[in-house]
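Participant: Next comes the structure file entry-v8.cif, holding mmCIF, C-alpha atoms, pLDDT in the B column; chains and numbers go by the auth columns.
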data_run
loop_
_atom_site.group_PDB
_atom_site.id
_atom_site.type_symbol
_atom_site.label_atom_id
_atom_site.label_comp_id
_atom_site.label_asym_id
_atom_site.label_seq_id
_atom_site.Cartn_x
_atom_site.Cartn_y
_atom_site.Cartn_z
_atom_site.B_iso_or_equiv
_atom_site.auth_seq_id
_atom_site.auth_asym_id
ATOM 1 C CA GLY A 1 16.863 173.424 128.997 91.00 1 A
ATOM 2 C CA ILE A 2 16.545 176.318 126.568 95.00 2 A
ATOM 3 C CA ILE A 3 19.370 178.738 125.805 94.00 3 A
ATOM 4 C CA GLY A 4 18.331 181.978 124.143 95.00 4 A
ATOM 5 C CA PHE A 5 20.075 185.144 123.056 95.00 5 A
ATOM 6 C CA SER A 6 16.955 187.301 123.388 96.00 6 A
ATOM 7 C CA ARG A 7 14.256 187.815 125.968 96.00 7 A
ATOM 8 C CA GLN A 8 12.449 190.329 123.762 96.00 8 A
ATOM 9 C CA CYS A 9 11.261 188.294 120.751 96.00 9 A
ATOM 10 C CA PHE A 10 11.294 184.828 119.194 95.00 10 A
ATOM 11 C CA GLY A 11 10.075 183.813 115.752 92.00 11 A
ATOM 12 C CA GLY A 12 8.800 187.305 115.080 94.00 12 A
ATOM 13 C CA GLN A 13 6.650 187.291 118.242 95.00 13 A
ATOM 14 C CA GLN A 14 7.067 189.366 121.370 98.00 14 A
ATOM 15 C CA LEU A 15 8.171 187.416 124.463 98.00 15 A
ATOM 16 C CA PRO A 16 6.765 186.124 126.737 97.00 16 A
ATOM 17 C CA ILE A 17 4.644 183.758 124.648 97.00 17 A
ATOM 18 C CA ASP A 18 1.736 182.087 126.428 97.00 18 A
ATOM 19 C CA LEU A 19 1.922 178.349 125.649 95.00 19 A
ATOM 20 C CA GLU A 20 -1.787 177.706 126.206 95.00 20 A
ATOM 21 C CA PHE A 21 -2.081 177.103 122.433 94.00 21 A
ATOM 22 C CA LEU A 22 0.086 173.982 123.002 93.00 22 A
ATOM 23 C CA SER A 23 -2.170 172.926 125.905 93.00 23 A
ATOM 24 C CA MET A 24 0.605 173.921 128.345 94.00 24 A
ATOM 25 C CA THR A 25 -1.725 175.748 130.714 90.00 25 A
ATOM 26 C CA GLY A 26 0.063 178.256 132.934 90.00 26 A
ATOM 27 C CA CYS A 27 3.361 178.082 130.993 95.00 27 A
ATOM 28 C CA LYS A 28 5.146 180.849 129.121 97.00 28 A
ATOM 29 C CA LEU A 29 8.174 180.861 126.835 97.00 29 A
ATOM 30 C CA LEU A 30 10.348 183.614 128.313 98.00 30 A
ATOM 31 C CA VAL A 31 13.500 183.321 126.164 97.00 31 A
ATOM 32 C CA ALA A 32 14.254 182.808 122.471 97.00 32 A
ATOM 33 C CA PHE A 33 14.517 179.115 121.622 92.00 33 A
ATOM 34 C CA ASP A 34 18.031 179.273 120.087 94.00 34 A
ATOM 35 C CA ARG A 35 19.642 176.147 121.540 91.00 35 A
ATOM 36 C CA THR A 36 18.560 173.264 123.743 90.00 36 A
ATOM 37 C CA LYS A 37 20.406 171.009 126.163 88.00 37 A
ATOM 38 C CA LEU A 38 19.141 167.773 127.674 85.00 38 A
ATOM 39 C CA ILE A 39 19.767 167.734 131.417 85.00 39 A
ATOM 40 C CA ASN A 40 19.219 164.715 133.632 82.00 40 A
ATOM 41 C CA SER A 41 17.744 165.347 137.045 79.00 41 A
ATOM 42 C CA ASN A 42 18.177 163.438 140.264 79.00 42 A
ATOM 43 C CA MET A 43 15.354 163.716 142.808 75.00 43 A
ATOM 44 C CA GLY A 44 14.251 167.111 141.485 73.00 44 A
ATOM 45 C CA SER A 45 17.724 168.637 141.210 80.00 45 A
ATOM 46 C CA ALA A 46 19.927 169.046 138.136 81.00 46 A
ATOM 47 C CA ILE A 47 23.309 170.489 137.182 84.00 47 A
ATOM 48 C CA TRP A 48 23.508 172.466 133.947 83.00 48 A
ATOM 49 C CA ASN A 49 27.133 172.816 132.776 84.00 49 A
ATOM 50 C CA LEU A 50 27.835 175.377 130.054 83.00 50 A
ATOM 51 C CA ASN A 51 31.138 175.887 128.267 83.00 51 A
ATOM 52 C CA MET A 52 31.985 179.590 128.085 80.00 52 A
ATOM 53 C CA PRO A 53 34.415 181.273 125.714 77.00 53 A
ATOM 54 C CA SER A 54 37.378 182.940 127.373 79.00 54 A
ATOM 55 C CA GLY A 55 39.182 186.178 126.701 83.00 55 A
ATOM 56 C CA PRO A 56 38.177 189.808 126.529 87.00 56 A
ATOM 57 C CA ALA A 57 35.980 189.318 123.433 86.00 57 A
ATOM 58 C CA ALA A 58 33.565 187.187 125.486 87.00 58 A
ATOM 59 C CA THR A 59 33.099 189.834 128.192 89.00 59 A
ATOM 60 C CA GLY A 60 29.583 191.176 128.201 90.00 60 A
ATOM 61 C CA ILE A 61 27.961 188.400 126.127 90.00 61 A
ATOM 62 C CA GLU A 62 24.378 188.143 127.369 94.00 62 A
ATOM 63 C CA PHE A 63 22.219 185.007 127.214 94.00 63 A
ATOM 64 C CA PHE A 64 19.121 183.645 128.894 96.00 64 A
ATOM 65 C CA LEU A 65 18.197 180.218 130.287 95.00 65 A
ATOM 66 C CA GLN A 66 14.846 178.549 130.872 96.00 66 A
ATOM 67 C CA GLY A 67 14.143 175.030 132.049 92.00 67 A
ATOM 68 C CA VAL A 68 11.542 172.621 130.712 92.00 68 A
ATOM 69 C CA SER A 69 10.504 169.735 132.961 89.00 69 A
ATOM 70 C CA VAL A 70 8.641 166.527 132.267 88.00 70 A
ATOM 71 C CA ASP A 71 5.685 166.860 134.603 89.00 71 A
ATOM 72 C CA PRO A 72 2.980 164.252 133.876 91.00 72 A
ATOM 73 C CA GLY A 73 -0.482 165.388 134.858 90.00 73 A
ATOM 74 C CA SER A 74 0.415 169.077 135.021 90.00 74 A
ATOM 75 C CA ASN A 75 -1.270 169.795 131.687 91.00 75 A
ATOM 76 C CA PHE A 76 -2.254 167.993 128.482 91.00 76 A
ATOM 77 C CA ILE A 77 1.336 167.901 127.136 92.00 77 A
ATOM 78 C CA GLY A 78 2.911 166.896 130.483 93.00 78 A
ATOM 79 C CA LEU A 79 5.614 169.599 130.418 93.00 79 A
ATOM 80 C CA THR A 80 6.143 172.673 132.588 94.00 80 A
ATOM 81 C CA MET A 81 8.396 175.697 132.141 95.00 81 A
ATOM 82 C CA SER A 82 10.597 177.311 134.780 94.00 82 A
ATOM 83 C CA ASN A 83 11.225 180.987 135.307 96.00 83 A
ATOM 84 C CA ALA A 84 14.094 182.422 133.238 96.00 84 A
ATOM 85 C CA LEU A 85 17.629 183.365 134.240 95.00 85 A
ATOM 86 C CA ASP A 86 19.512 186.339 132.767 96.00 86 A
ATOM 87 C CA CYS A 87 23.274 185.710 132.367 93.00 87 A
ATOM 88 C CA ARG A 88 26.186 187.911 131.345 92.00 88 A
ATOM 89 C CA VAL A 89 29.792 186.705 130.861 88.00 89 A
ATOM 90 C CA GLY A 90 32.445 188.371 132.979 82.00 90 A
ATOM 91 C CA LEU A 91 30.431 191.151 134.580 62.00 91 A
#
Could the structure of this file be written out as structure tokens, please?
Facilitator:
Amino acid sequence: GIIGFSRQCFGGQQLPIDLEFLSMTGCKLLVAFDRTKLINSNMGSAIWNLNMPSGPAATGIEFFLQGVSVDPGSNFIGLTMSNALDCRVGL
């Protein structure tokens, strides 16, 4: 999974970024690629646990999530991208 702190730009480019140049036909990067987390799936379902800071200073922190799945045969690279999720702490 990808954790990003922007859904506007990444690497100086406006999001979304069409990933056709990586031979990932039909896929788009929707969030900044700031952190990644390996998530194991079981029969097409996965649980993504995130540790969140606590206290008033964390309230309002915004971040974005996007999944990447191994999907052989879907395109040349064999990866597909999910839609993105907007998250905000404590609101």
Participant: What would the selection look like, as a ChimeraX atom specification, if the PyMOL selection byres ((chain A and resi 70) around 12) were run on the coordinates I just shared?
Facilitator: /A:1,24,38-41,44,67-69,71-82
Participant: May I have a table of the residues of range 8-52 of chain A lying at most 12 Å from range 86-91 of chain A, giving each one's closest pair of atoms and their distance in Å to one decimal, counting all atoms listed in the file, ordered by chain and ascending residue number, as CSV?
Facilitator:
residue,atom,partner,partner_atom,distance
A:Leu30,CA,A:Asp86,CA,10.5
A:Val31,CA,A:Asp86,CA,9.4
A:Leu50,CA,A:Val89,CA,11.5
A:Asn51,CA,A:Val89,CA,11.2
A:Met52,CA,A:Val89,CA,7.9
Participant: Report the residues retrieved by the PyMOL selection byres ((chain A and resi 29) around 12) from the displayed file, expressed as an NGL selection string.
Facilitator: :A and (1-4 or 6-11 or 13-22 or 24-28 or 30-33 or 64-68 or 80-84)
Participant: Around all of range 30-48 of chain A's listed atoms, make the axis-aligned box with 8 Å on each side and tell me centre and edge lengths in Å to one decimal, as JSON.
Facilitator:
{"center_x": 16.9, "center_y": 173.5, "center_z": 131.4, "size_x": 29.2, "size_y": 36.2, "size_z": 38.7}
Participant: For CA of Asn49 in chain A and CA of Phe63 in chain A, quote the distance in Å rounded to one decimal.
Facilitator: 14.3 Å
Participant: For CA of Glu62 in chain A and CA of Asp34 in chain A, determine how far apart the two atoms are, in Å to one decimal place.
Facilitator: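 Atom-to-atom, CA of Glu62 in chain A to CA of Asp34 in chain A, that is 13.1 Å.
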Participant: Between CA of Phe5 in chain A and CA of Thr36 in chain A, what is the distance, to one decimal in Å?
Facilitator: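 Separation between CA of Phe5 in chain A and CA of Thr36 in chain A: 12.0 Å.
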Participant: Please complete range 45-60 of chain A with N, CA, C and O atoms and give it back as a compact mmCIF listing (two decimals), keeping the file's coordinate frame.
Facilitator:
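What ended up in selection-v7.txt:
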# COMPACT_ATOMS: atom_id res chain seq x y z
N SER A 45 16.59 167.72 141.31
CA SER A 45 17.72 168.64 141.21
C SER A 45 18.56 168.28 139.98
O SER A 45 18.68 167.11 139.63
N ALA A 46 19.11 169.30 139.33
CA ALA A 46 19.93 169.05 138.14
C ALA A 46 21.10 170.02 138.09
O ALA A 46 21.03 171.11 138.66
N ILE A 47 22.15 169.62 137.41
CA ILE A 47 23.31 170.49 137.18
C ILE A 47 23.39 170.77 135.69
O ILE A 47 23.37 169.84 134.87
N TRP A 48 23.47 172.04 135.34
CA TRP A 48 23.51 172.47 133.95
C TRP A 48 24.88 173.09 133.70
O TRP A 48 25.14 174.22 134.09
N ASN A 49 25.79 172.33 133.09
CA ASN A 49 27.13 172.82 132.78
C ASN A 49 27.14 173.47 131.40
O ASN A 49 26.63 172.90 130.44
N LEU A 50 27.71 174.66 131.32
CA LEU A 50 27.84 175.38 130.05
C LEU A 50 29.30 175.72 129.83
O LEU A 50 29.97 176.22 130.73
N ASN A 51 29.79 175.46 128.62
CA ASN A 51 31.14 175.89 128.27
C ASN A 51 31.08 177.34 127.83
O ASN A 51 30.24 177.72 127.02
N MET A 52 31.95 178.17 128.39
CA MET A 52 31.98 179.59 128.08
C MET A 52 33.27 179.93 127.34
O MET A 52 34.33 179.39 127.66
N PRO A 53 33.19 180.82 126.36
CA PRO A 53 34.42 181.27 125.71
C PRO A 53 35.23 182.10 126.70
O PRO A 53 34.69 182.67 127.65
N SER A 54 36.53 182.14 126.48
CA SER A 54 37.38 182.94 127.37
C SER A 54 37.99 184.09 126.59
O SER A 54 37.97 184.12 125.36
N GLY A 55 38.53 185.03 127.31
CA GLY A 55 39.18 186.18 126.70
C GLY A 55 38.30 187.41 126.72
O GLY A 55 37.09 187.33 126.95
N PRO A 56 38.90 188.54 126.46
CA PRO A 56 38.18 189.81 126.53
C PRO A 56 37.00 189.91 125.56
O PRO A 56 36.02 190.60 125.83
N ALA A 57 37.06 189.23 124.42
CA ALA A 57 35.98 189.32 123.43
C ALA A 57 34.68 188.73 123.97
O ALA A 57 33.60 189.10 123.52
N ALA A 58 34.76 187.82 124.93
CA ALA A 58 33.56 187.19 125.49
C ALA A 58 32.91 188.05 126.56
O ALA A 58 31.73 187.85 126.88
N THR A 59 33.63 189.01 127.11
CA THR A 59 33.10 189.83 128.19
C THR A 59 31.86 190.60 127.73
O THR A 59 31.87 191.23 126.69
N GLY A 60 30.81 190.46 128.50
CA GLY A 60 29.58 191.18 128.20
C GLY A 60 28.58 190.40 127.37
O GLY A 60 27.46 190.87 127.17
